[in-house]
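One file, query-v2.pdb, is given below (PDB, C-alpha atoms and all ligand atoms).
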```pdb
MODEL        1
ATOM      1  CA  MET A   1     -60.255  45.133  26.770
ATOM      2  CA  LEU A   2     -60.598  45.163  22.985
ATOM      3  CA  ASP A   3     -58.753  48.082  21.418
ATOM      4  CA  GLN A   4     -60.123  47.239  17.993
ATOM      5  CA  LYS A   5     -63.678  48.021  16.933
ATOM      6  CA  ILE A   6     -65.653  45.156  15.408
ATOM      7  CA  PHE A   7     -68.086  46.562  12.861
ATOM      8  CA  VAL A   8     -71.133  44.384  12.400
ATOM      9  CA  THR A   9     -72.796  46.272   9.559
ATOM     10  CA  GLN A  10     -70.037  48.422   8.080
ATOM     11  CA  SER A  11     -69.905  48.065   4.273
ATOM     12  CA  SER A  12     -66.710  46.687   2.817
ATOM     13  CA  MET A  13     -64.897  48.995   0.384
ATOM     14  CA  PRO A  14     -61.830  48.524  -1.823
ATOM     15  CA  PRO A  15     -58.582  50.387  -1.070
ATOM     16  CA  TYR A  16     -59.125  53.929  -2.400
ATOM     17  CA  GLU A  17     -55.950  54.180  -4.533
ATOM     18  CA  GLU A  18     -56.527  50.770  -6.093
ATOM     19  CA  TYR A  19     -60.123  51.667  -6.940
ATOM     20  CA  ILE A  20     -59.248  55.011  -8.522
ATOM     21  CA  GLU A  21     -56.519  53.330 -10.589
ATOM     22  CA  ALA A  22     -58.959  50.662 -11.778
ATOM     23  CA  ILE A  23     -61.610  53.125 -12.971
ATOM     24  CA  LYS A  24     -59.187  55.617 -14.583
ATOM     25  CA  PRO A  25     -59.660  54.146 -18.119
ATOM     26  CA  LEU A  26     -63.330  55.141 -17.938
ATOM     27  CA  TRP A  27     -62.332  58.775 -18.439
ATOM     28  CA  GLU A  28     -60.952  57.653 -21.812
ATOM     29  CA  SER A  29     -63.707  55.297 -22.941
ATOM     30  CA  ARG A  30     -66.677  57.217 -21.430
ATOM     31  CA  TRP A  31     -68.470  53.855 -21.486
ATOM     32  CA  LEU A  32     -70.264  53.983 -18.127
ATOM     33  CA  THR A  33     -73.204  51.661 -18.697
ATOM     34  CA  ASN A  34     -74.925  49.154 -21.025
ATOM     35  CA  MET A  35     -72.699  46.072 -21.166
ATOM     36  CA  GLY A  36     -69.408  47.930 -20.825
ATOM     37  CA  GLU A  37     -66.081  46.229 -20.166
ATOM     38  CA  TRP A  38     -66.501  46.141 -16.372
ATOM     39  CA  HIS A  39     -70.058  44.858 -16.629
ATOM     40  CA  LYS A  40     -68.872  41.898 -18.691
ATOM     41  CA  LYS A  41     -65.856  41.281 -16.462
ATOM     42  CA  LEU A  42     -67.993  41.262 -13.323
ATOM     43  CA  GLU A  43     -70.605  38.967 -14.854
ATOM     44  CA  GLU A  44     -67.908  36.483 -15.885
ATOM     45  CA  ALA A  45     -66.127  36.615 -12.527
ATOM     46  CA  LEU A  46     -69.372  36.214 -10.595
ATOM     47  CA  GLY A  47     -70.497  33.327 -12.796
ATOM     48  CA  LYS A  48     -67.242  31.520 -11.958
ATOM     49  CA  TYR A  49     -67.214  32.435  -8.268
ATOM     50  CA  LEU A  50     -70.848  31.514  -7.705
ATOM     51  CA  ASP A  51     -70.408  28.436  -9.900
ATOM     52  CA  VAL A  52     -73.592  28.945 -11.950
ATOM     53  CA  PRO A  53     -74.213  28.276 -15.665
ATOM     54  CA  GLU A  54     -75.887  31.622 -16.399
ATOM     55  CA  ILE A  55     -75.888  34.940 -14.559
ATOM     56  CA  SER A  56     -77.214  38.412 -15.429
ATOM     57  CA  LEU A  57     -76.422  41.565 -13.494
ATOM     58  CA  MET A  58     -79.360  43.667 -12.353
ATOM     59  CA  VAL A  59     -79.751  47.104 -10.826
ATOM     60  CA  ASN A  60     -80.457  45.575  -7.404
ATOM     61  CA  GLY A  61     -81.681  42.402  -5.714
ATOM     62  CA  HIS A  62     -85.289  43.535  -5.728
ATOM     63  CA  MET A  63     -85.440  44.071  -9.506
ATOM     64  CA  ALA A  64     -83.634  40.781 -10.015
ATOM     65  CA  LEU A  65     -86.421  39.056  -8.074
ATOM     66  CA  GLU A  66     -89.174  40.934  -9.866
ATOM     67  CA  LEU A  67     -87.742  40.163 -13.307
ATOM     68  CA  ALA A  68     -86.926  36.556 -12.490
ATOM     69  CA  ILE A  69     -90.551  35.972 -11.474
ATOM     70  CA  GLN A  70     -91.807  37.900 -14.527
ATOM     71  CA  SER A  71     -89.682  35.804 -16.884
ATOM     72  CA  PHE A  72     -91.876  32.744 -16.279
ATOM     73  CA  GLY A  73     -95.011  34.491 -17.576
ATOM     74  CA  PHE A  74     -97.356  33.355 -14.809
ATOM     75  CA  PRO A  75    -101.047  34.285 -15.286
ATOM     76  CA  GLU A  76    -102.426  37.209 -13.273
ATOM     77  CA  GLY A  77    -103.823  36.178  -9.883
ATOM     78  CA  ALA A  78    -101.859  32.908  -9.707
ATOM     79  CA  GLU A  79    -100.594  31.857  -6.273
ATOM     80  CA  VAL A  80     -96.969  31.762  -5.144
ATOM     81  CA  ILE A  81     -95.969  30.029  -1.925
ATOM     82  CA  THR A  82     -93.367  32.021  -0.024
ATOM     83  CA  THR A  83     -92.141  32.916   3.445
ATOM     84  CA  PRO A  84     -93.027  35.857   5.700
ATOM     85  CA  PHE A  85     -89.544  35.798   7.313
ATOM     86  CA  THR A  86     -87.639  37.889   4.800
ATOM     87  CA  PHE A  87     -86.998  41.417   3.608
ATOM     88  CA  ILE A  88     -90.228  42.908   2.190
ATOM     89  CA  SER A  89     -88.772  42.769  -1.351
ATOM     90  CA  THR A  90     -89.649  39.095  -1.661
ATOM     91  CA  THR A  91     -93.366  39.761  -1.169
ATOM     92  CA  HIS A  92     -93.303  43.000  -3.178
ATOM     93  CA  ALA A  93     -91.753  41.213  -6.167
ATOM     94  CA  ILE A  94     -94.613  38.683  -6.144
ATOM     95  CA  VAL A  95     -97.352  41.302  -5.711
ATOM     96  CA  ARG A  96     -95.862  43.635  -8.346
ATOM     97  CA  ASN A  97     -96.150  40.711 -10.793
ATOM     98  CA  ARG A  98     -99.911  40.646 -10.000
ATOM     99  CA  LEU A  99     -99.539  37.318  -8.234
ATOM    100  CA  LEU A 100    -100.871  36.326  -4.813
ATOM    101  CA  PRO A 101     -98.344  35.500  -2.070
ATOM    102  CA  VAL A 102     -99.367  32.555   0.099
ATOM    103  CA  PHE A 103     -97.316  32.426   3.284
ATOM    104  CA  CYS A 104     -95.871  29.219   4.622
ATOM    105  CA  ASP A 105     -94.489  29.189   8.178
ATOM    106  CA  VAL A 106     -90.746  28.977   8.838
ATOM    107  CA  LYS A 107     -88.614  26.606  10.911
ATOM    108  CA  LEU A 108     -87.529  27.837  14.330
ATOM    109  CA  CYS A 109     -84.084  26.258  13.931
ATOM    110  CA  ASP A 110     -82.901  28.426  11.003
ATOM    111  CA  GLY A 111     -85.750  30.698   9.815
ATOM    112  CA  THR A 112     -86.084  29.061   6.382
ATOM    113  CA  ILE A 113     -89.438  27.985   4.947
ATOM    114  CA  ASP A 114     -90.909  24.917   6.662
ATOM    115  CA  GLU A 115     -91.002  22.517   3.740
ATOM    116  CA  SER A 116     -93.431  20.227   5.615
ATOM    117  CA  GLY A 117     -96.093  22.959   5.360
ATOM    118  CA  ILE A 118     -95.830  23.629   1.618
ATOM    119  CA  GLU A 119     -97.991  20.825   0.178
ATOM    120  CA  ASP A 120    -101.018  21.803   2.302
ATOM    121  CA  LEU A 121    -100.959  25.281   0.720
ATOM    122  CA  ILE A 122    -100.941  24.097  -2.910
ATOM    123  CA  THR A 123    -104.132  24.743  -4.883
ATOM    124  CA  GLU A 124    -104.957  24.532  -8.602
ATOM    125  CA  LYS A 125    -103.832  28.191  -8.813
ATOM    126  CA  THR A 126    -100.322  27.598  -7.435
ATOM    127  CA  VAL A 127     -97.575  28.214  -9.997
ATOM    128  CA  ALA A 128     -94.370  28.683  -8.003
ATOM    129  CA  ILE A 129     -92.497  28.558  -4.727
ATOM    130  CA  VAL A 130     -90.286  31.504  -3.696
ATOM    131  CA  PRO A 131     -88.225  30.313  -0.716
ATOM    132  CA  VAL A 132     -85.541  32.439   0.964
ATOM    133  CA  HIS A 133     -82.138  31.257   2.166
ATOM    134  CA  VAL A 134     -81.865  33.056   5.526
ATOM    135  CA  TYR A 135     -78.618  34.543   6.882
ATOM    136  CA  GLY A 136     -76.570  31.930   5.032
ATOM    137  CA  HIS A 137     -78.788  29.029   6.120
ATOM    138  CA  ILE A 138     -80.069  27.281   3.039
ATOM    139  CA  CYS A 139     -83.567  25.891   2.556
ATOM    140  CA  ASN A 140     -84.301  22.172   2.307
ATOM    141  CA  ILE A 141     -83.500  22.157  -1.394
ATOM    142  CA  GLU A 142     -84.160  18.458  -2.050
ATOM    143  CA  GLU A 143     -87.623  18.425  -0.450
ATOM    144  CA  ILE A 144     -88.681  21.681  -2.136
ATOM    145  CA  GLN A 145     -87.494  20.256  -5.474
ATOM    146  CA  ARG A 146     -89.465  17.048  -4.883
ATOM    147  CA  ILE A 147     -92.655  19.052  -4.238
ATOM    148  CA  ALA A 148     -92.070  21.283  -7.257
ATOM    149  CA  TYR A 149     -91.640  18.277  -9.577
ATOM    150  CA  LYS A 150     -94.729  16.585  -8.151
ATOM    151  CA  TYR A 151     -96.990  19.630  -8.704
ATOM    152  CA  ASN A 152     -95.174  21.107 -11.725
ATOM    153  CA  LEU A 153     -94.203  24.339  -9.946
ATOM    154  CA  LYS A 154     -91.314  26.715 -10.617
ATOM    155  CA  ILE A 155     -88.849  27.517  -7.829
ATOM    156  CA  ILE A 156     -87.301  30.981  -7.617
ATOM    157  CA  TYR A 157     -84.889  31.213  -4.694
ATOM    158  CA  ASP A 158     -84.278  34.509  -2.950
ATOM    159  CA  ALA A 159     -80.555  33.985  -2.330
ATOM    160  CA  ALA A 160     -79.852  37.569  -1.227
ATOM    161  CA  HIS A 161     -78.245  36.172   1.952
ATOM    162  CA  ALA A 162     -76.452  33.282   0.306
ATOM    163  CA  PHE A 163     -73.554  34.783  -1.648
ATOM    164  CA  GLY A 164     -70.794  32.244  -2.233
ATOM    165  CA  ILE A 165     -72.590  29.340  -0.579
ATOM    166  CA  SER A 166     -72.452  25.921  -2.157
ATOM    167  CA  HIS A 167     -74.471  22.769  -1.632
ATOM    168  CA  GLN A 168     -73.540  19.208  -2.638
ATOM    169  CA  GLY A 169     -70.504  20.565  -4.486
ATOM    170  CA  LYS A 170     -72.462  23.054  -6.614
ATOM    171  CA  GLY A 171     -73.079  26.794  -6.327
ATOM    172  CA  ILE A 172     -76.327  27.591  -4.513
ATOM    173  CA  GLY A 173     -77.603  29.356  -7.657
ATOM    174  CA  CYS A 174     -77.709  26.034  -9.534
ATOM    175  CA  TYR A 175     -80.792  24.907  -7.621
ATOM    176  CA  GLY A 176     -84.425  25.576  -8.457
ATOM    177  CA  ASP A 177     -85.219  27.385 -11.708
ATOM    178  CA  ALA A 178     -83.643  30.697 -10.722
ATOM    179  CA  SER A 179     -81.801  32.267  -7.797
ATOM    180  CA  VAL A 180     -81.501  35.927  -7.019
ATOM    181  CA  PHE A 181     -78.559  37.633  -5.318
ATOM    182  CA  SER A 182     -78.290  41.097  -3.769
ATOM    183  CA  PHE A 183     -75.111  43.170  -3.832
ATOM    184  CA  HIS A 184     -76.548  45.930  -1.652
ATOM    185  CA  ALA A 185     -74.064  47.866   0.485
ATOM    186  CA  THR A 186     -75.127  45.884   3.569
ATOM    187  CA  LYS A 187     -74.437  42.494   2.013
ATOM    188  CA  VAL A 188     -71.389  40.241   2.377
ATOM    189  CA  TYR A 189     -70.306  41.191  -1.142
ATOM    190  CA  ASN A 190     -71.454  44.621  -2.333
ATOM    191  CA  THR A 191     -71.423  46.810  -5.431
ATOM    192  CA  ILE A 192     -72.998  49.626  -3.342
ATOM    193  CA  GLU A 193     -76.313  48.844  -5.075
ATOM    194  CA  GLY A 194     -76.728  45.849  -7.351
ATOM    195  CA  GLY A 195     -77.931  42.310  -7.793
ATOM    196  CA  ALA A 196     -78.041  39.383 -10.167
ATOM    197  CA  VAL A 197     -80.214  36.536 -11.280
ATOM    198  CA  ALA A 198     -78.800  33.102 -11.964
ATOM    199  CA  PHE A 199     -80.938  30.750 -14.007
ATOM    200  CA  SER A 200     -80.230  27.051 -13.685
ATOM    201  CA  ASP A 201     -81.166  26.646 -17.339
ATOM    202  CA  HIS A 202     -80.559  28.841 -20.371
ATOM    203  CA  ILE A 203     -84.044  30.304 -20.586
ATOM    204  CA  ILE A 204     -83.314  33.956 -21.378
TER     205      ILE A 204
HETATM  206  C1  LIG B 301     -83.883  38.468   1.649
HETATM  207  C2  LIG B 301     -83.735  39.676   0.780
HETATM  208  N1  LIG B 301     -84.334  39.691  -0.434
HETATM  209  C3  LIG B 301     -84.231  40.738  -1.273
HETATM  210  C4  LIG B 301     -83.483  41.847  -0.919
HETATM  211  C5  LIG B 301     -83.455  43.008  -1.883
HETATM  212  O1  LIG B 301     -82.163  43.283  -2.321
HETATM  213  P1  LIG B 301     -81.730  44.783  -2.744
HETATM  214  O2  LIG B 301     -81.613  45.584  -1.471
HETATM  215  O3  LIG B 301     -80.413  44.580  -3.438
HETATM  216  O4  LIG B 301     -82.785  45.309  -3.658
HETATM  217  C6  LIG B 301     -82.831  41.884   0.317
HETATM  218  C7  LIG B 301     -82.038  43.062   0.697
HETATM  219  O5  LIG B 301     -81.890  43.418   1.827
HETATM  220  C8  LIG B 301     -82.958  40.788   1.199
HETATM  221  O6  LIG B 301     -82.366  40.774   2.397
ENDMDL
END
```

What is this file in structure tokens?
Ligand SMILES: Cc1ncc(COP(=O)(O)O)c(C=O)c1O
Amino acid sequence: MLDQKIFVTQSSMPPYEEYIEAIKPLWESRWLTNMGEWHKKLEEALGKYLDVPEISLMVNGHMALELAIQSFGFPEGAEVITTPFTFISTTHAIVRNRLLPVFCDVKLCDGTIDESGIEDLITEKTVAIVPVHVYGHICNIEEIQRIAYKYNLKIIYDAAHAFGISHQGKGIGCYGDASVFSFHATKVYNTIEGGAVAFSDHII
């Protein structure tokens, strides 16, 4: 019989003493927000770890998605092809940008968007694809890229489940136009609440 509990959803936390020691200088500096020392350190460390050219910390994964989509300036009412098999944030981020989500089915084998169904959903109003890497399984990046080039669409990956994953020797956040990570307490890597957007190009 196992005498050790295996926690499936327990959040990881740093050793208490080590954490308290690390944040002690904050009582001196009183710099708790707005690009403080730890903000910059984390951004740099994450950029290296995730192997992406550009990364910006956000308040959470949802806002990272919402802002990443907003940054492309799509016209109101434009269509975005996405997946229904995700956390509701993905759809909310599209709708809150006054865009219309168009759902593409997913593959039974791994739950990611079925790339063979995307082209049939493209209309003259389509501006972007928002695929989701599911539980560490990554989407068919090459095929989605091919479609995006062909129809001049942006790709914004919801990579909330893909922390630290690489593909063809590059960080997963290097693919598409932008990728969004979540550092929510339930995620593999957490900052209690937090997120980031990685742009594959220097557009902001
Ligand atoms: C696929 C997916 N997208 C977006 C989010 C939103 O991230 P956050 O909870 O950091 O806002 C989550 C979080 O559970 C998620 O699982």

**Request:** Kindly resolve the PyMOL selection byres (((chain A and resi 82) around 8) and not hetatm) on the present coordinates and return the residues as an NGL selection string.
**Result:** :A and (80-81 or 83-84 or 91 or 101-104 or 113 or 129-132)

Can I get the selection written as an mmCIF file, keeping the file's coordinate frame, with C-alpha atoms?
```cif
data_model
loop_
_atom_site.group_PDB
_atom_site.id
_atom_site.type_symbol
_atom_site.label_atom_id
_atom_site.label_comp_id
_atom_site.auth_asym_id
_atom_site.auth_seq_id
_atom_site.Cartn_x
_atom_site.Cartn_y
_atom_site.Cartn_z
ATOM 1 C CA VAL A 80 -96.969 31.762 -5.144
ATOM 2 C CA ILE A 81 -95.969 30.029 -1.925
ATOM 3 C CA THR A 83 -92.141 32.916 3.445
ATOM 4 C CA PRO A 84 -93.027 35.857 5.700
ATOM 5 C CA THR A 91 -93.366 39.761 -1.169
ATOM 6 C CA PRO A 101 -98.344 35.500 -2.070
ATOM 7 C CA VAL A 102 -99.367 32.555 0.099
ATOM 8 C CA PHE A 103 -97.316 32.426 3.284
ATOM 9 C CA CYS A 104 -95.871 29.219 4.622
ATOM 10 C CA ILE A 113 -89.438 27.985 4.947
ATOM 11 C CA ILE A 129 -92.497 28.558 -4.727
ATOM 12 C CA VAL A 130 -90.286 31.504 -3.696
ATOM 13 C CA PRO A 131 -88.225 30.313 -0.716
ATOM 14 C CA VAL A 132 -85.541 32.439 0.964
#
```

**Message:** At a cut-off of 10 Å around ligand LIG 301 (chain B), and using all atoms listed in the file, what residues come up? Please write them as a ChimeraX atom specification.
**Reply:** /A:58-66,85-93,131-135,157-162,180-187,190-196

**Request:** Go through the shown structure with the PyMOL selection byres (((chain A and resi 141) around 10) and not hetatm) and write out the matching residues as a VMD selection string.
**Result:** chain A and resid 115 131 133 138 to 140 142 to 146 155 157 167 172 175 to 176

Those residues with C-alpha atoms, as a PDB file, keeping the file's coordinate frame please?
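Okay, result.pdb is ready:
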```pdb
ATOM      1  CA  GLU A 115     -91.002  22.517   3.740  1.00  0.00           C
ATOM      2  CA  PRO A 131     -88.225  30.313  -0.716  1.00  0.00           C
ATOM      3  CA  HIS A 133     -82.138  31.257   2.166  1.00  0.00           C
ATOM      4  CA  ILE A 138     -80.069  27.281   3.039  1.00  0.00           C
ATOM      5  CA  CYS A 139     -83.567  25.891   2.556  1.00  0.00           C
ATOM      6  CA  ASN A 140     -84.301  22.172   2.307  1.00  0.00           C
ATOM      7  CA  GLU A 142     -84.160  18.458  -2.050  1.00  0.00           C
ATOM      8  CA  GLU A 143     -87.623  18.425  -0.450  1.00  0.00           C
ATOM      9  CA  ILE A 144     -88.681  21.681  -2.136  1.00  0.00           C
ATOM     10  CA  GLN A 145     -87.494  20.256  -5.474  1.00  0.00           C
ATOM     11  CA  ARG A 146     -89.465  17.048  -4.883  1.00  0.00           C
ATOM     12  CA  ILE A 155     -88.849  27.517  -7.829  1.00  0.00           C
ATOM     13  CA  TYR A 157     -84.889  31.213  -4.694  1.00  0.00           C
ATOM     14  CA  HIS A 167     -74.471  22.769  -1.632  1.00  0.00           C
ATOM     15  CA  ILE A 172     -76.327  27.591  -4.513  1.00  0.00           C
ATOM     16  CA  TYR A 175     -80.792  24.907  -7.621  1.00  0.00           C
ATOM     17  CA  GLY A 176     -84.425  25.576  -8.457  1.00  0.00           C
TER      18      GLY A 176
END
```

**Item:** Non-local contacts of segment 45-55 of chain A (7 Å; all atoms listed in the file; under 5 positions in same chain excluded) as a PyMOL selection string
**Value:** chain A and resi 164+170-171+173-174+196-200+202

**Request:** Let me know the residues the PyMOL selection byres (((chain A and resi 75) around 10) and not hetatm) catches in the file above, as a PyMOL selection string.
**Result:** chain A and resi 70+72-74+76-79+97-99+125+127

Keeping only C-alpha atoms, take the residues you just selected and write them out as a compact mmCIF listing (two decimals), in the frame of the given file.
```txt
# COMPACT_ATOMS: atom_id res chain seq x y z
CA GLN A 70 -91.81 37.90 -14.53
CA PHE A 72 -91.88 32.74 -16.28
CA GLY A 73 -95.01 34.49 -17.58
CA PHE A 74 -97.36 33.35 -14.81
CA GLU A 76 -102.43 37.21 -13.27
CA GLY A 77 -103.82 36.18 -9.88
CA ALA A 78 -101.86 32.91 -9.71
CA GLU A 79 -100.59 31.86 -6.27
CA ASN A 97 -96.15 40.71 -10.79
CA ARG A 98 -99.91 40.65 -10.00
CA LEU A 99 -99.54 37.32 -8.23
CA LYS A 125 -103.83 28.19 -8.81
CA VAL A 127 -97.58 28.21 -10.00
```

**Message:** If I take atom CA of Ala128 of chain A and atom CA of Leu153 of chain A, how far is one from the other in Å, to one decimal?
**Reply:** 4.8 Å

What are the centre and edge lengths in Å, to one decimal, of the axis-aligned box around all listed atoms of segment 97-103 of chain A with 3 Å added on each side, as AutoDock Vina command-line options?
```
--center_x -98.5 --center_y 36.6 --center_z -3.8 --size_x 10.7 --size_y 14.3 --size_z 20.1
```

**Request:** Quick one: pull the distance between atom CA of Gln168 of chain A and atom CA of Asp114 of chain A, Å, one decimal.
**Result:** 20.5 Å

**Request:** Enter the distance from atom CA of Lys107 of chain A to atom CA of Val188 of chain A, in Å, rounded to one decimal.
**Result:** 23.6 Å

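Residue nearest Ile69 of chain A, chosen from A:Ile6, A:Ile23, A:Cys109, A:Ala178 and counting all atoms listed in the file: A:Ala178.
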
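Among the candidate residues A:Lys40, A:His137, A:Lys24, A:Arg30, the one lying nearest to Ser166 of chain A is A:His137, with distances computed using only C-alpha atoms.
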